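Asks: The structure file input24.pdb (PDB, C-alpha atoms) is provided below.
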MODEL        1
ATOM      1  CA  MET A  10      -8.768 -76.744  16.048  1.00  0.00           C
ATOM      2  CA  ALA A  11      -9.250 -77.081  12.400  1.00  0.00           C
ATOM      3  CA  GLY A  12     -12.801 -75.733  12.667  1.00  0.00           C
ATOM      4  CA  ASN A  13     -11.684 -72.437  14.245  1.00  0.00           C
ATOM      5  CA  ASP A  14     -11.348 -69.885  11.375  1.00  0.00           C
ATOM      6  CA  THR A  15     -10.921 -66.846  13.592  1.00  0.00           C
ATOM      7  CA  LEU A  16      -7.373 -67.804  14.416  1.00  0.00           C
ATOM      8  CA  GLY A  17      -6.320 -67.675  10.772  1.00  0.00           C
ATOM      9  CA  MET A  18      -7.735 -64.152  10.290  1.00  0.00           C
ATOM     10  CA  ALA A  19      -5.610 -62.708  13.056  1.00  0.00           C
ATOM     11  CA  ASP A  20      -2.498 -63.478  11.036  1.00  0.00           C
ATOM     12  CA  ALA A  21      -3.701 -61.623   7.899  1.00  0.00           C
ATOM     13  CA  ALA A  22      -2.120 -58.221   7.139  1.00  0.00           C
ATOM     14  CA  PRO A  23      -4.419 -55.191   7.570  1.00  0.00           C
ATOM     15  CA  GLU A  24      -5.860 -53.827   4.367  1.00  0.00           C
ATOM     16  CA  PRO A  25      -4.149 -50.526   3.308  1.00  0.00           C
ATOM     17  CA  GLN A  26      -6.292 -47.455   3.871  1.00  0.00           C
ATOM     18  CA  ASP A  27      -7.413 -45.542   0.763  1.00  0.00           C
ATOM     19  CA  TRP A  28      -5.995 -41.968   1.028  1.00  0.00           C
ATOM     20  CA  THR A  29      -9.076 -40.471  -0.636  1.00  0.00           C
ATOM     21  CA  THR A  30     -11.286 -41.490   2.279  1.00  0.00           C
ATOM     22  CA  SER A  31      -8.922 -40.725   5.155  1.00  0.00           C
ATOM     23  CA  PRO A  32      -8.166 -37.587   7.164  1.00  0.00           C
ATOM     24  CA  VAL A  33      -5.244 -37.044   4.791  1.00  0.00           C
ATOM     25  CA  ARG A  34      -7.777 -36.131   2.106  1.00  0.00           C
ATOM     26  CA  ILE A  35      -9.276 -33.438   4.308  1.00  0.00           C
ATOM     27  CA  MET A  36      -5.851 -32.004   5.164  1.00  0.00           C
ATOM     28  CA  THR A  37      -4.798 -32.043   1.505  1.00  0.00           C
ATOM     29  CA  GLY A  38      -7.951 -30.172   0.561  1.00  0.00           C
ATOM     30  CA  LEU A  39      -7.383 -27.574   3.284  1.00  0.00           C
ATOM     31  CA  VAL A  40      -3.766 -27.036   2.244  1.00  0.00           C
ATOM     32  CA  ILE A  41      -4.706 -26.604  -1.427  1.00  0.00           C
ATOM     33  CA  THR A  42      -7.531 -24.222  -0.521  1.00  0.00           C
ATOM     34  CA  GLY A  43      -5.147 -22.203   1.660  1.00  0.00           C
ATOM     35  CA  LEU A  44      -2.575 -21.964  -1.120  1.00  0.00           C
ATOM     36  CA  ILE A  45      -5.203 -20.791  -3.599  1.00  0.00           C
ATOM     37  CA  ALA A  46      -6.485 -18.173  -1.114  1.00  0.00           C
ATOM     38  CA  ALA A  47      -2.931 -16.923  -0.462  1.00  0.00           C
ATOM     39  CA  ALA A  48      -2.168 -16.681  -4.183  1.00  0.00           C
ATOM     40  CA  LEU A  49      -5.392 -14.765  -4.759  1.00  0.00           C
ATOM     41  CA  ALA A  50      -4.653 -12.374  -1.890  1.00  0.00           C
ATOM     42  CA  LEU A  51      -1.148 -11.693  -3.212  1.00  0.00           C
ATOM     43  CA  SER A  52      -2.513 -11.126  -6.684  1.00  0.00           C
ATOM     44  CA  ILE A  53      -5.054  -8.600  -5.435  1.00  0.00           C
ATOM     45  CA  ALA A  54      -2.523  -6.866  -3.167  1.00  0.00           C
ATOM     46  CA  GLY A  55      -0.078  -6.458  -6.038  1.00  0.00           C
ATOM     47  CA  ARG A  56      -2.516  -4.598  -8.233  1.00  0.00           C
ATOM     48  CA  ALA A  57      -2.573  -0.825  -8.476  1.00  0.00           C
ATOM     49  CA  PRO A  58      -5.722   0.862  -7.221  1.00  0.00           C
ATOM     50  CA  ALA A  59      -8.425   1.328  -9.813  1.00  0.00           C
ATOM     51  CA  ASP A  60      -8.010   5.092  -9.661  1.00  0.00           C
ATOM     52  CA  ALA A  61      -4.208   5.044 -10.055  1.00  0.00           C
ATOM     53  CA  PRO A  62      -4.063   5.878 -13.781  1.00  0.00           C
ATOM     54  CA  THR A  63      -6.489   8.774 -13.401  1.00  0.00           C
ATOM     55  CA  ARG A  64      -4.748  10.069 -10.284  1.00  0.00           C
ATOM     56  CA  LEU A  65      -1.384  10.080 -12.013  1.00  0.00           C
ATOM     57  CA  ALA A  66      -2.909  11.915 -14.932  1.00  0.00           C
ATOM     58  CA  THR A  67      -4.517  14.510 -12.638  1.00  0.00           C
ATOM     59  CA  ILE A  68      -2.172  17.468 -12.603  1.00  0.00           C
ATOM     60  CA  PRO A  69      -3.542  20.548 -10.880  1.00  0.00           C
ATOM     61  CA  GLU A  70      -4.795  23.155 -13.346  1.00  0.00           C
ATOM     62  CA  ARG A  71      -3.897  25.929 -10.950  1.00  0.00           C
ATOM     63  CA  LYS A  72      -1.216  26.279  -8.319  1.00  0.00           C
ATOM     64  CA  ILE A  73      -2.199  24.828  -4.968  1.00  0.00           C
ATOM     65  CA  ASP A  74      -1.634  27.078  -1.967  1.00  0.00           C
ATOM     66  CA  LEU A  75      -0.007  25.046   0.804  1.00  0.00           C
ATOM     67  CA  ASN A  76      -1.508  27.383   3.393  1.00  0.00           C
ATOM     68  CA  SER A  77      -5.142  26.959   2.379  1.00  0.00           C
ATOM     69  CA  ALA A  78      -5.374  23.591   0.583  1.00  0.00           C
ATOM     70  CA  ASP A  79      -7.432  20.800   2.092  1.00  0.00           C
ATOM     71  CA  VAL A  80      -6.478  17.102   2.143  1.00  0.00           C
ATOM     72  CA  ASP A  81      -8.063  16.395  -1.259  1.00  0.00           C
ATOM     73  CA  GLU A  82      -6.254  19.272  -2.965  1.00  0.00           C
ATOM     74  CA  LEU A  83      -2.898  18.309  -1.454  1.00  0.00           C
ATOM     75  CA  GLN A  84      -3.305  14.751  -2.731  1.00  0.00           C
ATOM     76  CA  LEU A  85      -3.342  16.102  -6.292  1.00  0.00           C
ATOM     77  CA  LEU A  86       0.351  16.874  -5.877  1.00  0.00           C
ATOM     78  CA  PRO A  87       2.841  14.231  -7.045  1.00  0.00           C
ATOM     79  CA  GLY A  88       4.155  12.152  -4.154  1.00  0.00           C
ATOM     80  CA  ILE A  89       1.562  13.406  -1.656  1.00  0.00           C
ATOM     81  CA  GLY A  90      -0.826  10.724  -0.444  1.00  0.00           C
ATOM     82  CA  PRO A  91      -3.473  10.818   2.260  1.00  0.00           C
ATOM     83  CA  ALA A  92      -1.044  10.368   5.165  1.00  0.00           C
ATOM     84  CA  ILE A  93       1.358  13.125   4.127  1.00  0.00           C
ATOM     85  CA  ALA A  94      -1.529  15.439   3.196  1.00  0.00           C
ATOM     86  CA  ALA A  95      -2.935  14.974   6.701  1.00  0.00           C
ATOM     87  CA  ARG A  96       0.516  15.653   8.217  1.00  0.00           C
ATOM     88  CA  ILE A  97       0.827  18.871   6.188  1.00  0.00           C
ATOM     89  CA  ILE A  98      -2.492  20.118   7.537  1.00  0.00           C
ATOM     90  CA  GLU A  99      -1.615  19.048  11.111  1.00  0.00           C
ATOM     91  CA  ASP A 100       1.750  20.817  10.869  1.00  0.00           C
ATOM     92  CA  ARG A 101       0.104  23.945   9.458  1.00  0.00           C
ATOM     93  CA  ALA A 102      -2.399  23.986  12.336  1.00  0.00           C
ATOM     94  CA  ALA A 103       0.279  23.410  14.986  1.00  0.00           C
ATOM     95  CA  ARG A 104       3.163  25.542  13.660  1.00  0.00           C
ATOM     96  CA  GLY A 105       1.537  28.093  11.413  1.00  0.00           C
ATOM     97  CA  ARG A 106       1.715  28.951   7.759  1.00  0.00           C
ATOM     98  CA  PHE A 107       4.456  27.847   5.385  1.00  0.00           C
ATOM     99  CA  PRO A 108       6.489  30.912   4.385  1.00  0.00           C
ATOM    100  CA  ASP A 109       7.611  29.213   1.170  1.00  0.00           C
ATOM    101  CA  VAL A 110       7.314  25.870  -0.584  1.00  0.00           C
ATOM    102  CA  GLU A 111      10.743  24.715   0.607  1.00  0.00           C
ATOM    103  CA  SER A 112       9.627  25.016   4.248  1.00  0.00           C
ATOM    104  CA  LEU A 113       7.367  22.035   3.591  1.00  0.00           C
ATOM    105  CA  THR A 114      10.390  19.877   4.493  1.00  0.00           C
ATOM    106  CA  ARG A 115       9.532  20.516   8.150  1.00  0.00           C
ATOM    107  CA  VAL A 116       6.733  17.944   7.696  1.00  0.00           C
ATOM    108  CA  ARG A 117       7.772  14.352   8.441  1.00  0.00           C
ATOM    109  CA  GLY A 118       7.869  12.396   5.184  1.00  0.00           C
ATOM    110  CA  VAL A 119       8.511  15.388   2.935  1.00  0.00           C
ATOM    111  CA  GLY A 120      12.080  15.722   1.757  1.00  0.00           C
ATOM    112  CA  PRO A 121      13.933  17.833  -0.793  1.00  0.00           C
ATOM    113  CA  ARG A 122      13.012  15.481  -3.662  1.00  0.00           C
ATOM    114  CA  THR A 123       9.295  15.847  -2.920  1.00  0.00           C
ATOM    115  CA  VAL A 124       9.669  19.624  -2.762  1.00  0.00           C
ATOM    116  CA  ILE A 125      11.397  19.607  -6.156  1.00  0.00           C
ATOM    117  CA  ASN A 126       8.588  17.482  -7.620  1.00  0.00           C
ATOM    118  CA  ILE A 127       5.755  19.686  -6.346  1.00  0.00           C
ATOM    119  CA  THR A 128       7.297  23.174  -6.617  1.00  0.00           C
ATOM    120  CA  ARG A 129       5.858  23.954 -10.045  1.00  0.00           C
ATOM    121  CA  PHE A 130       2.357  23.063  -8.817  1.00  0.00           C
ATOM    122  CA  THR A 131       2.389  24.925  -5.502  1.00  0.00           C
ATOM    123  CA  ILE A 132       2.536  28.300  -3.860  1.00  0.00           C
ATOM    124  CA  ALA A 133       2.874  29.235  -0.223  1.00  0.00           C
ATOM    125  CA  ASP A 134       1.145  32.312   1.156  1.00  0.00           C
ATOM    126  CA  GLY A 135       0.201  33.450  -2.325  1.00  0.00           C
ATOM    127  CA  THR A 136       3.777  33.727  -3.586  1.00  0.00           C
ATOM    128  CA  GLU A 137       5.387  31.485  -6.162  1.00  0.00           C
ATOM    129  CA  GLN A 138       8.679  29.737  -5.522  1.00  0.00           C
ATOM    130  CA  ALA A 139      11.548  31.427  -7.353  1.00  0.00           C
ATOM    131  CA  PRO A 140      12.867  29.187 -10.155  1.00  0.00           C
ATOM    132  CA  ASP A 141      16.508  29.705  -9.138  1.00  0.00           C
ATOM    133  CA  SER A 142      16.050  28.782  -5.465  1.00  0.00           C
ATOM    134  CA  ASP A 143      18.145  26.185  -3.626  1.00  0.00           C
ATOM    135  CA  VAL A 144      15.386  23.595  -4.102  1.00  0.00           C
ATOM    136  CA  HIS A 145      16.274  23.233  -7.778  1.00  0.00           C
ATOM    137  CA  ARG A 146      19.998  22.743  -7.325  1.00  0.00           C
ATOM    138  CA  ASP A 147      21.446  19.234  -7.230  1.00  0.00           C
ATOM    139  CA  ARG A 148      23.012  18.574  -3.881  1.00  0.00           C
TER     140      ARG A 148
ENDMDL
END
Write out the structure in this file as structure tokens.
Replies:
Amino acid sequence: MAGNDTLGMADAAPEPQDWTTSPVRIMTGLVITGLIAAALALSIAGRAPADAPTRLATIPERKIDLNSADVDELQLLPGIGPAIAARIIEDRAARGRFPDVESLTRVRGVGPRTVINITRFTIADGTEQAPDSDVHRDR
């Protein structure tokens, strides 16, 4: 059996597979791509909107009437975004006019702190909030 070379090859150890040509390479590439995509998404999500500096600098030049303002006007008020502005209008349509600025607390998401922050920029029913009202007292 000295002429049979196939028997000797069966005893040889298999050659190690190169990781750069195996399925491991594909999985490694997918994992790295996923991590880069996640980092990019988190980076974008963490940024302030492009209009944030201008919106913060936009203080109403006149007092905004809570009983006639539209969504865009209400969003000029500090702490009032699109969702709360829409709730204010929905509440006004369902329950009627706001007799004073402090009554805005009947809207879900508007608390005493928000009322304090917007009082100097708002009126309700054409009347200004009195400066010595309960809204300005620390509780």
Asks: Please write the residues picked by the PyMOL selection byres ((chain A and resi 112-119) around 7) on this file as a PyMOL selection string.
Replies: chain A and resi 93+96-97+100+107-111+120-121+123
Asks: As an exercise, work out the distance from atom CA of A:Leu39 to atom CA of A:Ala54 in Å and give it to one decimal place.
Replies: 22.2 Å
Asks: Counting only C-alpha atoms, what is within 6 Å of stretch 72-82 of chain A, bar same-chain residues fewer than 2 positions away, as a list in words?
Replies: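 Surrounding residues, per the criterion: Gln84, Leu85, Ala94, Arg106, Phe130, Thr131, Ile132 and Ala133 of chain A.
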Asks: With 8 Å on each side, where is the centre of the axis-aligned box around all listed atoms of stretch 80-83 of chain A, and how long are its edges in Å to one decimal, as JSON?
Replies:
{"center_x": -5.5, "center_y": 17.8, "center_z": -0.4, "size_x": 21.2, "size_y": 18.9, "size_z": 21.1}
Asks: Identify which of the residues A:Asp134, A:Arg129, A:Arg71, A:Val40 lies closest to A:Gly105, counting only C-alpha atoms when measuring atom-to-atom distances.
Replies: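 Nearest to A:Gly105: A:Asp134.
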Asks: Calculated over all atoms listed in the file, which of the candidates A:Val33, A:Gly43, A:Glu70, A:Leu51 has the smallest distance to A:Leu86?
Replies: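 Comparing A:Val33, A:Gly43, A:Glu70, A:Leu51 against A:Leu86, the winner is A:Glu70.
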Asks: May I ask for the distance between atom CA of A:Ile89 and atom CA of A:Ala102, given in Å to one decimal place?
Replies: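 Computed distance, atom CA of A:Ile89 to atom CA of A:Ala102, equals 18.0 Å.
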Asks: Could you tell me how far atom CA of A:Ala46 lies from atom CA of A:Ser31, in Å and to one decimal?
Replies: 23.5 Å
Asks: From the list A:Leu44, A:Pro87, A:Arg34, A:Ala50, which residue is nearest A:Thr128 when using all atoms listed in the file?
Replies: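 Comparing A:Leu44, A:Pro87, A:Arg34, A:Ala50 against A:Thr128, the winner is A:Pro87.
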